[in-house]
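Source file final-v9.txt; content: compact mmCIF, C-alpha atoms.
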# COMPACT_ATOMS: atom_id res chain seq x y z
CA MET A 453 -57.27 12.89 25.06
CA GLN A 454 -54.19 10.64 24.90
CA LYS A 455 -55.97 8.34 22.44
CA ILE A 456 -57.08 11.31 20.31
CA THR A 457 -53.53 12.66 20.23
CA LEU A 458 -52.10 9.27 19.23
CA ALA A 459 -54.71 8.91 16.48
CA VAL A 460 -53.90 12.36 15.10
CA LEU A 461 -50.16 11.64 15.05
CA ILE A 462 -50.66 8.28 13.32
CA GLN A 463 -52.96 9.85 10.76
CA ALA A 464 -50.42 12.58 10.13
CA ALA A 465 -47.76 9.94 9.48
CA LEU A 466 -49.93 8.17 6.91
CA ILE A 467 -51.65 11.06 5.20
CA SER A 468 -50.49 12.29 1.80
CA SER A 469 -50.09 16.00 2.40
CA VAL A 470 -50.82 18.50 -0.32
CA TYR A 471 -47.57 20.36 0.37
CA ALA A 472 -44.13 19.81 1.81
CA SER A 473 -43.71 18.17 5.21
CA GLU A 474 -42.34 20.42 7.96
CA GLN A 475 -40.67 17.45 9.64
CA SER A 476 -38.77 16.51 6.46
CA GLU A 477 -36.97 19.86 6.78
CA ALA A 478 -35.96 19.37 10.44
CA LYS A 479 -32.43 20.65 11.11
CA GLY A 480 -31.79 18.70 14.30
CA PHE A 481 -32.20 19.05 18.06
CA VAL A 482 -29.25 21.45 18.47
CA GLU A 483 -28.97 22.81 14.93
CA GLY A 484 -32.56 24.07 14.92
CA ALA A 485 -32.51 25.50 18.44
CA GLU A 486 -33.50 29.09 19.20
CA GLY A 487 -33.13 31.13 22.36
CA SER A 488 -34.33 34.59 23.32
CA VAL A 489 -34.84 36.85 26.32
CA LEU A 490 -37.21 39.80 26.55
CA PHE A 491 -36.23 42.50 29.03
CA ARG A 492 -39.38 44.38 30.01
CA THR A 493 -39.93 47.35 32.29
CA GLY A 494 -43.62 47.78 33.10
CA TYR A 495 -45.65 50.51 34.79
CA LEU A 496 -49.41 50.28 35.37
CA ASN A 497 -51.35 52.91 37.30
CA ARG A 498 -55.11 53.01 37.88
CA ASP A 499 -56.45 56.18 39.45
CA LYS A 500 -59.88 55.23 40.81
CA LYS A 501 -62.51 57.92 41.33
CA HIS A 502 -65.23 58.41 43.99
CA GLY A 503 -63.34 56.28 46.56
CA LEU A 504 -65.45 53.21 45.74
CA GLN A 505 -62.37 51.18 44.79
CA ASN A 506 -58.72 51.53 45.76
CA ASP A 507 -56.11 53.07 43.48
CA THR A 508 -53.49 50.64 42.18
CA SER A 509 -49.97 51.29 40.93
CA SER A 510 -47.16 48.88 40.07
CA THR A 511 -43.68 49.18 38.57
CA ALA A 512 -41.42 46.21 37.95
CA GLN A 513 -38.66 44.73 35.79
CA THR A 514 -38.55 41.27 34.27
CA ALA A 515 -36.61 39.02 31.93
CA ILE A 516 -38.78 36.56 29.99
CA VAL A 517 -36.68 33.68 28.66
CA LYS A 518 -37.52 31.07 26.05
CA LEU A 519 -35.12 28.28 25.06
CA ASP A 520 -36.54 26.10 22.30
CA SER A 521 -34.74 23.15 20.73
CA GLY A 522 -35.11 22.10 17.14
CA PHE A 523 -36.66 18.77 16.12
CA THR A 524 -34.58 15.64 15.72
CA GLN A 525 -34.49 14.28 12.18
CA GLY A 526 -36.49 11.28 11.03
CA VAL A 527 -40.13 10.39 10.48
CA VAL A 528 -40.93 11.49 14.04
CA GLY A 529 -39.07 14.51 15.38
CA PHE A 530 -38.62 15.21 19.07
CA GLY A 531 -37.66 18.36 20.95
CA ALA A 532 -37.91 20.21 24.25
CA GLY A 533 -37.84 23.68 25.66
CA VAL A 534 -38.02 25.96 28.68
CA ILE A 535 -40.05 29.12 29.20
CA GLY A 536 -40.00 31.34 32.28
CA ASP A 537 -39.52 34.76 33.79
CA ALA A 538 -37.49 36.32 36.60
CA SER A 539 -38.67 39.67 37.97
CA PHE A 540 -38.18 42.26 40.69
CA LYS A 541 -40.24 45.26 41.74
CA LEU A 542 -39.09 48.85 41.31
CA GLY A 543 -39.99 50.96 44.31
CA GLU A 544 -42.22 50.07 47.25
CA ASN A 545 -45.39 49.29 45.29
CA LYS A 546 -47.65 49.67 48.33
CA ASN A 547 -50.72 50.02 46.11
CA ALA A 548 -50.11 46.99 43.90
CA GLY A 549 -53.16 44.95 43.05
CA ASN A 550 -53.61 45.02 39.29
CA ALA A 551 -52.21 41.57 38.42
CA MET A 552 -48.66 42.91 37.97
CA ILE A 553 -46.86 41.83 41.15
CA PRO A 554 -47.58 38.77 43.36
CA LYS A 555 -48.41 39.33 47.01
CA HIS A 556 -47.62 37.55 50.27
CA ASN A 557 -50.44 36.37 52.52
CA ASP A 558 -50.17 39.57 54.57
CA GLY A 559 -50.79 41.69 51.46
CA SER A 560 -47.21 42.91 50.98
CA THR A 561 -45.64 42.58 47.55
CA TYR A 562 -42.81 40.24 46.61
CA ASP A 563 -39.44 41.95 46.18
CA HIS A 564 -38.38 39.43 43.53
CA TRP A 565 -39.84 36.25 42.08
CA ALA A 566 -39.39 33.68 39.31
CA ARG A 567 -41.80 31.37 37.47
CA GLY A 568 -41.85 29.06 34.48
CA GLY A 569 -41.63 25.48 33.34
CA ALA A 570 -40.52 23.07 30.64
CA TYR A 571 -42.18 21.32 27.74
CA VAL A 572 -41.53 18.48 25.33
CA LYS A 573 -42.69 18.29 21.74
CA ALA A 574 -43.04 15.81 18.89
CA ARG A 575 -43.73 16.32 15.20
CA VAL A 576 -44.92 14.00 12.45
CA SER A 577 -45.27 15.44 8.96
CA ASN A 578 -47.03 18.78 9.59
CA THR A 579 -48.56 17.89 12.95
CA THR A 580 -46.96 18.98 16.23
CA ALA A 581 -47.82 17.99 19.79
CA VAL A 582 -46.51 20.05 22.73
CA TYR A 583 -46.88 18.95 26.37
CA GLY A 584 -45.89 21.10 29.33
CA THR A 585 -45.87 24.79 30.22
CA GLN A 586 -47.20 26.98 27.40
CA VAL A 587 -48.36 30.50 26.53
CA LEU A 588 -51.64 30.10 24.63
CA ASP A 589 -53.13 32.30 21.91
CA LEU A 590 -56.56 30.76 21.34
CA PRO A 591 -59.75 32.88 21.31
CA VAL A 592 -61.36 30.57 23.90
CA LEU A 593 -58.26 30.01 26.06
CA ALA A 594 -55.69 32.78 25.83
CA SER A 595 -52.80 33.70 28.09
CA ASN A 596 -52.99 37.22 29.46
CA THR A 597 -49.92 38.97 28.01
CA ALA A 598 -51.04 42.50 28.92
CA ARG A 599 -49.19 42.50 32.24
CA LEU A 600 -45.51 42.35 33.16
CA VAL A 601 -45.23 38.60 32.52
CA PRO A 602 -47.51 36.15 30.67
CA GLU A 603 -50.12 33.79 32.05
CA TYR A 604 -49.06 30.13 31.79
CA PHE A 605 -51.05 26.98 31.09
CA GLU A 606 -49.82 23.42 31.55
CA GLY A 607 -51.10 20.59 29.39
CA LEU A 608 -51.16 19.21 25.86
CA LEU A 609 -51.78 21.05 22.59
CA VAL A 610 -51.79 19.38 19.16
CA THR A 611 -51.60 21.58 16.06
CA SER A 612 -52.07 20.06 12.59
CA ASN A 613 -51.40 21.68 9.22
CA GLU A 614 -51.77 18.59 7.05
CA VAL A 615 -54.16 20.30 4.62
CA GLU A 616 -52.88 23.48 3.00
CA ASP A 617 -54.44 26.66 4.43
CA LEU A 618 -56.23 24.67 7.18
CA THR A 619 -55.00 24.60 10.80
CA LEU A 620 -56.60 22.26 13.33
CA VAL A 621 -55.95 22.36 17.08
CA ALA A 622 -56.96 20.16 20.02
CA GLY A 623 -55.72 20.03 23.58
CA LYS A 624 -56.29 19.56 27.26
CA PHE A 625 -54.90 21.72 30.08
CA THR A 626 -54.96 21.01 33.81
CA LYS A 627 -52.98 23.90 35.34
CA ASN A 628 -53.35 27.66 35.03
CA GLN A 629 -51.04 30.33 36.48
CA TYR A 630 -52.07 34.00 36.33
CA SER A 631 -49.45 36.68 35.70
CA ASP A 632 -49.25 37.58 39.41
CA GLN A 633 -49.27 34.04 40.81
CA ILE A 634 -46.27 32.07 42.10
CA ASN A 635 -48.02 28.69 42.31
CA SER A 636 -47.96 26.94 38.90
CA ASP A 637 -51.63 26.04 39.45
CA GLY A 638 -52.60 29.20 41.30
CA ASN A 639 -55.94 29.38 39.49
CA LYS A 640 -56.75 25.77 40.49
CA LEU A 641 -57.86 24.66 37.05
CA ASP A 642 -59.58 21.27 36.97
CA SER A 643 -59.69 20.64 33.24
CA ALA A 644 -59.94 22.74 30.08
CA ILE A 645 -60.42 20.92 26.77
CA VAL A 646 -59.99 23.03 23.64
CA TRP A 647 -60.45 22.43 19.93
CA GLY A 648 -60.71 24.55 16.81
CA ALA A 649 -59.99 25.21 13.15
CA LYS A 650 -58.74 28.13 11.10
CA TYR A 651 -59.12 28.17 7.31
CA GLN A 652 -57.75 30.62 4.77
CA ALA A 653 -60.25 30.27 1.92
CA ASN A 654 -58.26 32.68 -0.30
CA ASP A 655 -56.05 35.76 0.00
CA ASP A 656 -59.04 37.83 1.14
CA LEU A 657 -61.22 35.51 3.25
CA ASN A 658 -60.38 33.80 6.56
CA LEU A 659 -62.70 31.63 8.67
CA ALA A 660 -62.24 30.33 12.22
CA TYR A 661 -64.07 28.35 14.90
CA TYR A 662 -62.88 27.39 18.40
CA GLY A 663 -64.51 25.75 21.40
CA THR A 664 -63.66 24.94 25.00
CA ASP A 665 -65.14 22.87 27.81
CA LEU A 666 -64.05 23.95 31.29
CA GLU A 667 -65.01 21.23 33.74
CA ASP A 668 -67.78 22.35 36.14
CA ARG A 669 -67.48 25.92 34.87
CA LEU A 670 -68.53 26.66 31.29
CA ASP A 671 -68.81 25.68 27.62
CA ARG A 672 -67.71 28.40 25.20
CA HIS A 673 -67.71 28.66 21.41
CA TYR A 674 -66.15 31.29 19.13
CA ALA A 675 -66.58 31.99 15.40
CA ASN A 676 -64.90 34.55 13.15
CA VAL A 677 -65.20 35.63 9.52
CA ASN A 678 -62.66 38.13 8.19
CA TYR A 679 -62.83 39.53 4.65
CA THR A 680 -60.65 42.17 2.96
CA HIS A 681 -61.70 43.86 -0.26
CA GLY A 682 -59.16 45.78 -2.32
CA LEU A 683 -60.12 49.27 -3.47
CA LYS A 684 -58.65 51.75 -5.92
CA ASN A 685 -55.49 53.74 -5.19
CA ASP A 686 -54.01 51.07 -2.85
CA ALA A 687 -56.88 51.38 -0.37
CA SER A 688 -58.71 48.44 1.23
CA LEU A 689 -61.87 47.71 3.19
CA ASN A 690 -61.86 45.00 5.86
CA VAL A 691 -65.00 43.48 7.39
CA ASP A 692 -64.64 41.34 10.52
CA PHE A 693 -67.47 39.45 12.22
CA SER A 694 -66.83 37.68 15.54
CA ALA A 695 -69.10 35.96 18.05
CA TYR A 696 -68.97 34.04 21.34
CA HIS A 697 -71.62 31.86 22.94
CA THR A 698 -71.13 30.75 26.55
CA GLU A 699 -73.17 28.52 28.83
CA TRP A 700 -72.22 28.29 32.51
CA ASP A 701 -72.49 25.25 34.73
CA LYS A 702 -74.37 25.80 37.98
CA ASP A 703 -71.15 25.26 39.95
CA ALA A 704 -69.84 28.49 38.42
CA ASN A 705 -72.88 30.64 39.22
CA LYS A 706 -71.46 31.91 42.49
CA TYR A 707 -68.56 33.46 40.57
CA LEU A 708 -70.71 35.44 38.11
CA TYR A 709 -71.05 39.15 38.83
CA SER A 710 -73.62 40.36 36.28
CA GLN A 711 -76.32 37.66 36.37
CA ILE A 712 -79.99 38.36 37.00
CA GLY A 713 -81.45 35.56 39.12
CA GLY A 714 -80.44 33.03 41.74
CA ALA A 715 -77.66 30.51 42.11
CA ASP A 716 -79.79 27.70 40.65
CA ASN A 717 -80.60 29.48 37.40
CA ASP A 718 -79.18 28.55 34.00
CA TYR A 719 -76.99 31.32 32.62
CA GLN A 720 -75.88 31.91 29.05
CA ASN A 721 -74.46 34.76 27.01
CA SER A 722 -73.98 35.51 23.33
CA ILE A 723 -71.82 38.45 22.28
CA LEU A 724 -71.57 39.54 18.63
CA ALA A 725 -69.40 42.16 16.96
CA LEU A 726 -69.08 43.61 13.48
CA ALA A 727 -66.10 45.83 12.65
CA THR A 728 -65.35 47.61 9.37
CA THR A 729 -61.90 49.09 8.75
CA TYR A 730 -60.87 51.40 5.92
CA ASN A 731 -57.15 51.59 5.15
CA LYS A 732 -55.31 53.94 2.84
CA GLY A 733 -51.60 54.49 3.23
CA PRO A 734 -50.79 55.44 6.83
CA HIS A 735 -54.46 55.94 7.76
CA ASN A 736 -56.77 53.36 9.36
CA VAL A 737 -60.35 54.12 10.37
CA MET A 738 -62.47 51.48 12.13
CA VAL A 739 -66.15 51.54 13.06
CA ALA A 740 -67.45 48.69 15.24
CA TYR A 741 -70.73 47.57 16.81
CA GLN A 742 -70.89 45.01 19.64
CA GLN A 743 -73.88 43.49 21.44
CA ASN A 744 -74.47 41.14 24.40
CA MET A 745 -77.52 38.89 24.68
CA GLY A 746 -78.69 36.46 27.36
CA ASN A 747 -79.32 36.69 31.11
CA VAL A 748 -75.71 37.49 32.05
CA GLY A 749 -72.84 39.47 30.54
CA TYR A 750 -69.88 37.82 28.81
CA ASP A 751 -68.63 37.59 32.40
CA TYR A 752 -65.13 36.25 32.83
CA GLY A 753 -66.03 34.74 36.18
CA LEU A 754 -63.79 36.40 38.73
CA GLY A 755 -63.47 33.38 40.99
CA GLN A 756 -61.06 30.50 40.61
CA ASN A 757 -61.08 27.57 38.20
CA VAL A 758 -62.29 29.54 35.17
CA ALA A 759 -59.04 29.44 33.16
CA ASP A 760 -59.37 33.02 32.03
CA GLY A 761 -56.91 35.78 32.77
CA HIS A 762 -59.34 38.20 31.10
CA GLN A 763 -57.64 37.80 27.72
CA SER A 764 -60.02 35.33 26.08
CA ILE A 765 -62.19 37.94 24.40
CA TYR A 766 -61.13 38.57 20.81
CA MET A 767 -63.61 41.39 20.19
CA PRO A 768 -63.05 44.90 18.76
CA ASN A 769 -64.49 46.97 21.64
CA SER A 770 -61.84 45.82 24.07
CA TYR A 771 -59.42 48.20 25.81
CA LEU A 772 -59.50 48.86 29.59
CA SER A 773 -63.17 47.89 29.45
CA ASP A 774 -64.37 45.09 27.19
CA PHE A 775 -67.98 46.40 27.09
CA ILE A 776 -69.41 43.04 28.14
CA GLY A 777 -72.24 44.05 30.48
CA ASN A 778 -75.54 42.20 30.71
CA ASP A 779 -77.54 43.06 27.53
CA GLU A 780 -75.03 45.83 26.66
CA LYS A 781 -74.71 47.38 23.21
CA SER A 782 -71.63 49.40 22.26
CA VAL A 783 -70.19 51.32 19.32
CA GLN A 784 -66.61 52.35 18.60
CA LEU A 785 -64.76 54.77 16.37
CA GLN A 786 -61.01 54.18 16.09
CA TYR A 787 -58.30 56.00 14.13
CA SER A 788 -54.68 54.89 13.67
CA TYR A 789 -51.81 56.64 11.94
CA ASP A 790 -48.39 55.31 10.86
CA PHE A 791 -45.77 58.07 11.09
CA GLY A 792 -43.59 56.23 8.59
CA ALA A 793 -45.38 58.40 6.04
CA MET A 794 -43.71 61.40 7.72
CA ASN A 795 -40.25 59.78 7.67
CA VAL A 796 -40.52 58.48 11.23
CA PRO A 797 -40.73 54.72 10.65
CA GLY A 798 -41.71 52.64 13.67
CA LEU A 799 -43.86 55.35 15.27
CA SER A 800 -47.64 54.82 15.41
CA TRP A 801 -50.61 56.39 17.15
CA THR A 802 -54.05 54.93 17.90
CA SER A 803 -57.03 56.77 19.31
CA ALA A 804 -60.48 55.28 19.99
CA PHE A 805 -63.77 56.18 21.64
CA VAL A 806 -66.23 53.46 22.75
CA TYR A 807 -69.70 54.06 24.14
CA GLY A 808 -71.87 51.35 25.73
CA TRP A 809 -75.53 51.55 26.77
CA ASP A 810 -78.57 49.48 27.82
CA ILE A 811 -76.59 47.72 30.56
CA LYS A 812 -78.55 45.75 33.14
CA ALA A 813 -76.84 46.42 36.46
CA THR A 814 -77.34 44.06 39.41
CA ASP A 815 -76.50 43.93 43.10
CA ASN A 816 -74.51 41.14 44.77
CA ALA A 817 -77.65 39.03 45.15
CA GLY A 818 -78.33 38.99 41.41
CA THR A 819 -81.25 41.44 41.64
CA MET A 820 -81.51 43.97 38.82
CA ILE A 821 -81.31 47.55 40.05
CA SER A 822 -81.32 49.25 36.64
CA ASP A 823 -81.64 48.32 32.95
CA ASP A 824 -80.32 51.53 31.39
CA GLU A 825 -76.72 52.00 32.57
CA GLN A 826 -73.91 53.37 30.38
CA GLU A 827 -70.13 53.32 30.14
CA ARG A 828 -67.63 55.06 27.88
CA GLU A 829 -63.88 55.00 27.27
CA PHE A 830 -61.49 57.33 25.47
CA PHE A 831 -58.31 55.39 24.58
CA ASN A 832 -54.97 56.67 23.25
CA GLN A 833 -51.74 54.81 22.55
CA VAL A 834 -48.39 55.84 21.12
CA LYS A 835 -45.79 53.20 20.26
CA TYR A 836 -42.29 53.45 18.84
CA THR A 837 -40.31 50.44 17.62
CA VAL A 838 -36.61 50.74 16.73
CA GLN A 839 -36.19 49.75 13.09
CA LYS A 840 -32.46 49.00 12.87
CA GLY A 841 -29.18 48.89 14.74
CA VAL A 842 -28.20 47.21 18.00
CA MET A 843 -31.60 48.01 19.57
CA LYS A 844 -33.66 46.80 16.60
CA ASP A 845 -37.20 45.66 17.55
CA SER A 846 -37.00 47.33 20.97
CA SER A 847 -40.18 49.25 21.66
CA LEU A 848 -41.66 51.85 23.99
CA ARG A 849 -45.45 51.94 24.38
CA LEU A 850 -47.50 54.57 26.24
CA ARG A 851 -51.19 53.86 26.71
CA HIS A 852 -53.88 55.90 28.44
CA SER A 853 -57.56 55.18 29.09
CA TYR A 854 -60.16 57.62 30.40
CA TYR A 855 -63.07 55.44 31.58
CA ARG A 856 -66.39 56.56 33.05
CA ALA A 857 -69.60 54.67 33.94
CA SER A 858 -73.03 55.64 35.23
CA ASP A 859 -73.70 55.52 38.96
CA ASN A 860 -75.33 52.10 39.22
CA TYR A 861 -72.51 50.48 37.21
CA GLN A 862 -69.68 51.76 39.42
CA SER A 863 -69.34 48.91 41.92
CA ASN A 864 -70.42 46.14 39.50
CA TYR A 865 -67.50 46.50 37.10
CA ILE A 866 -64.37 48.66 36.76
CA GLY A 867 -65.61 51.95 38.19
CA ASP A 868 -64.50 55.40 36.99
CA THR A 869 -60.78 55.11 36.25
CA ASN A 870 -57.89 56.99 34.67
CA GLU A 871 -55.28 54.43 33.62
CA TRP A 872 -51.70 54.69 32.40
CA ARG A 873 -49.60 51.82 31.06
CA ILE A 874 -45.97 52.22 30.02
CA TRP A 875 -44.00 49.27 28.62
CA LEU A 876 -40.36 49.27 27.55
CA ASP A 877 -39.46 46.03 25.73
CA ILE A 878 -35.92 45.08 24.73
CA PRO A 879 -35.72 41.69 22.97
CA VAL A 880 -32.35 39.90 22.75
CA LYS A 881 -31.76 36.88 20.53
CA LEU A 882 -29.41 34.45 22.27
CA PHE A 883 -28.95 31.96 19.41

Just give me the structure of the file as structure tokens.
Amino acid sequence: MQKITLAVLIQAALISSVYASEQSEAKGFVEGAEGSVLFRTGYLNRDKKHGLQNDTSSTAQTAIVKLDSGFTQGVVGFGAGVIGDASFKLGENKNAGNAMIPKHNDGSTYDHWARGGAYVKARVSNTTAVYGTQVLDLPVLASNTARLVPEYFEGLLVTSNEVEDLTLVAGKFTKNQYSDQINSDGNKLDSAIVWGAKYQANDDLNLAYYGTDLEDRLDRHYANVNYTHGLKNDASLNVDFSAYHTEWDKDANKYLYSQIGGADNDYQNSILALATTYNKGPHNVMVAYQQNMGNVGYDYGLGQNVADGHQSIYMPNSYLSDFIGNDEKSVQLQYSYDFGAMNVPGLSWTSAFVYGWDIKATDNAGTMISDDEQEREFFNQVKYTVQKGVMKDSSLRLRHSYYRASDNYQSNYIGDTNEWRIWLDIPVKLF
């Protein structure tokens, strides 16, 4: 990986780019610096039904800080930064357990905690290498940002934009810290190698491919095609196709929870989705179909070493449930409305219903107990973002999911749940 990174940087220095070099516009280490802090108050409550799983409820406050230097001037630019969070719980939080608040060995929650790390970076032409603690947004290796604080990865990521409209990435990560972990390698990641490309063919068509190799765990590939077609009267129609293919190493089999077969079997999954969205003014209507194939579900792998905080699934039918059961098919109808059309800019509402069927449910030994299970979710979210003034970009988001599953799918996955999430975000720009 070090040799690959060096080769990419040297190539970037020699290549004749088709557009202006980012490094040639570097302002300087101090002059180009940026700093921000996000104050977030988070509440997450899961009301579990039937007594099969425990209720969970967490409330906490955090400050997420990022201090990022600019790049020094010259052919090769250098910089550094710090990212981290400091948090404290609000209330007793006796029923915590939903990845919001870290716990002591005796099961009690931390009263306050802090996490984070530093990174260094270098840039040649339009190619940047970052080494250290990072928040990732890659379809095959993504930091979970749906909790109070983000999931962190530690390693190297190289991003190259030498060819206009084409972005290439490659990297290797050796530490993974979930949102509720204090240890910087709490997930005990051995090695995750990632690579990928994103290409904007024109104003309407975007293509993407990403892959990852998690040592002794899995190989995963992702592809996406996104096309937008303009219609009359300022309307548009968007078609999005996305797919994952995953093959698990035998060392990971003991962590799978939806496989059919023994620990020595070979397990693989393909999950495909097609979503069509119609937009006109403040109205958005989406219809999506999603399907799993193989002898196991998409299956995050709930044990350690899998480098997945349950965020690496860029599929449309993903809310509280991701509809990823073994052999599952699912359909979704979603509607969104922008209240700016009613003179309330910044206010939006999204409602969706997803229904999944044909799920193969298994017991803990990997024996199939049913091949016709179902699940369904009714999702609603209201979000308001301040548009101007001292509190500009501050937001309040209320989200509710009503989730139900058939009897044989209760203990295998989420189980019948009513969930509330409330997030208050107040961003402050330091410099």

With only C-alpha atoms as the counted atoms, please give the residues lying no more than 10 Å from segment 786-799 of chain A, apart from itself and same-chain residues fewer than 6 positions off, as number ranges by chain. A: 729-731, 733-740, 768-769, 805-806, 830-840, 845, 847-849

Env of Asn678 of chain A: 7 Å cut, atoms = only C-alpha atoms, seq-sep filter 5 positions within chain, self excluded. Answer as a ChimeraX atom specification. /A:657-659,691-693

Any idea what's packed within 6 Å of segment 538-542 of chain A, counting only C-alpha atoms, ignoring anything in its chain fewer than 5 positions away? Could you give it as a PyMOL selection string? chain A and resi 511-515+563-566

My list of candidates is A:Glu825, A:Asp632, A:Glu477, A:Asp718. Which is closest to Lys555 of chain A when distances are computed with all atoms listed in the file?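 Answer, going by the shortest atom-to-atom distance: A:Asp632.
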
Thr524 of chain A surroundings by all atoms listed in the file, 10 Å radius, close-in-sequence under 4 positions cut, as a ChimeraX atom specification: /A:475,478-484,528-531,574-575

Between atom CA of Asn550 of chain A and atom CA of Thr869 of chain A, measure the distance and give it in Å to one decimal.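 Taking atom CA of Asn550 of chain A as the start and atom CA of Thr869 of chain A as the end point, the length is 12.7 Å.
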
Skip segment 567-569 of chain A itself and residues of its chain fewer than 6 positions away, then list as a ChimeraX atom specification all residues within 12 Å of it, counting only C-alpha atoms. /A:514-519,532-540,554,583-587,601-607,627-638

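Comparing A:Asn545, A:Ser694, A:Asn744, A:Asn870 by their smallest distance to Ile723 of chain A, the closest is A:Asn744 (using only C-alpha atoms).
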
What separation in Å, quoted to one decimal, exists between atom CA of Ala857 of chain A and atom CA of Glu780 of chain A? 12.7 Å

Å distance separating atom CA of Leu590 of chain A from atom CA of Asn613 of chain A, one decimal place: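 So the two atoms, atom CA of Leu590 of chain A and atom CA of Asn613 of chain A, lie 16.0 Å apart.
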
For Arg672 of chain A, which residue out of A:Asp589, A:Asp824, A:Asp751, A:Asp655 is the nearest one, using all atoms listed in the file? A:Asp751

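Distance check against Val592 of chain A using only C-alpha atoms: of A:Lys546, A:His762, A:Lys702, A:Arg498, the minimum falls on A:His762.
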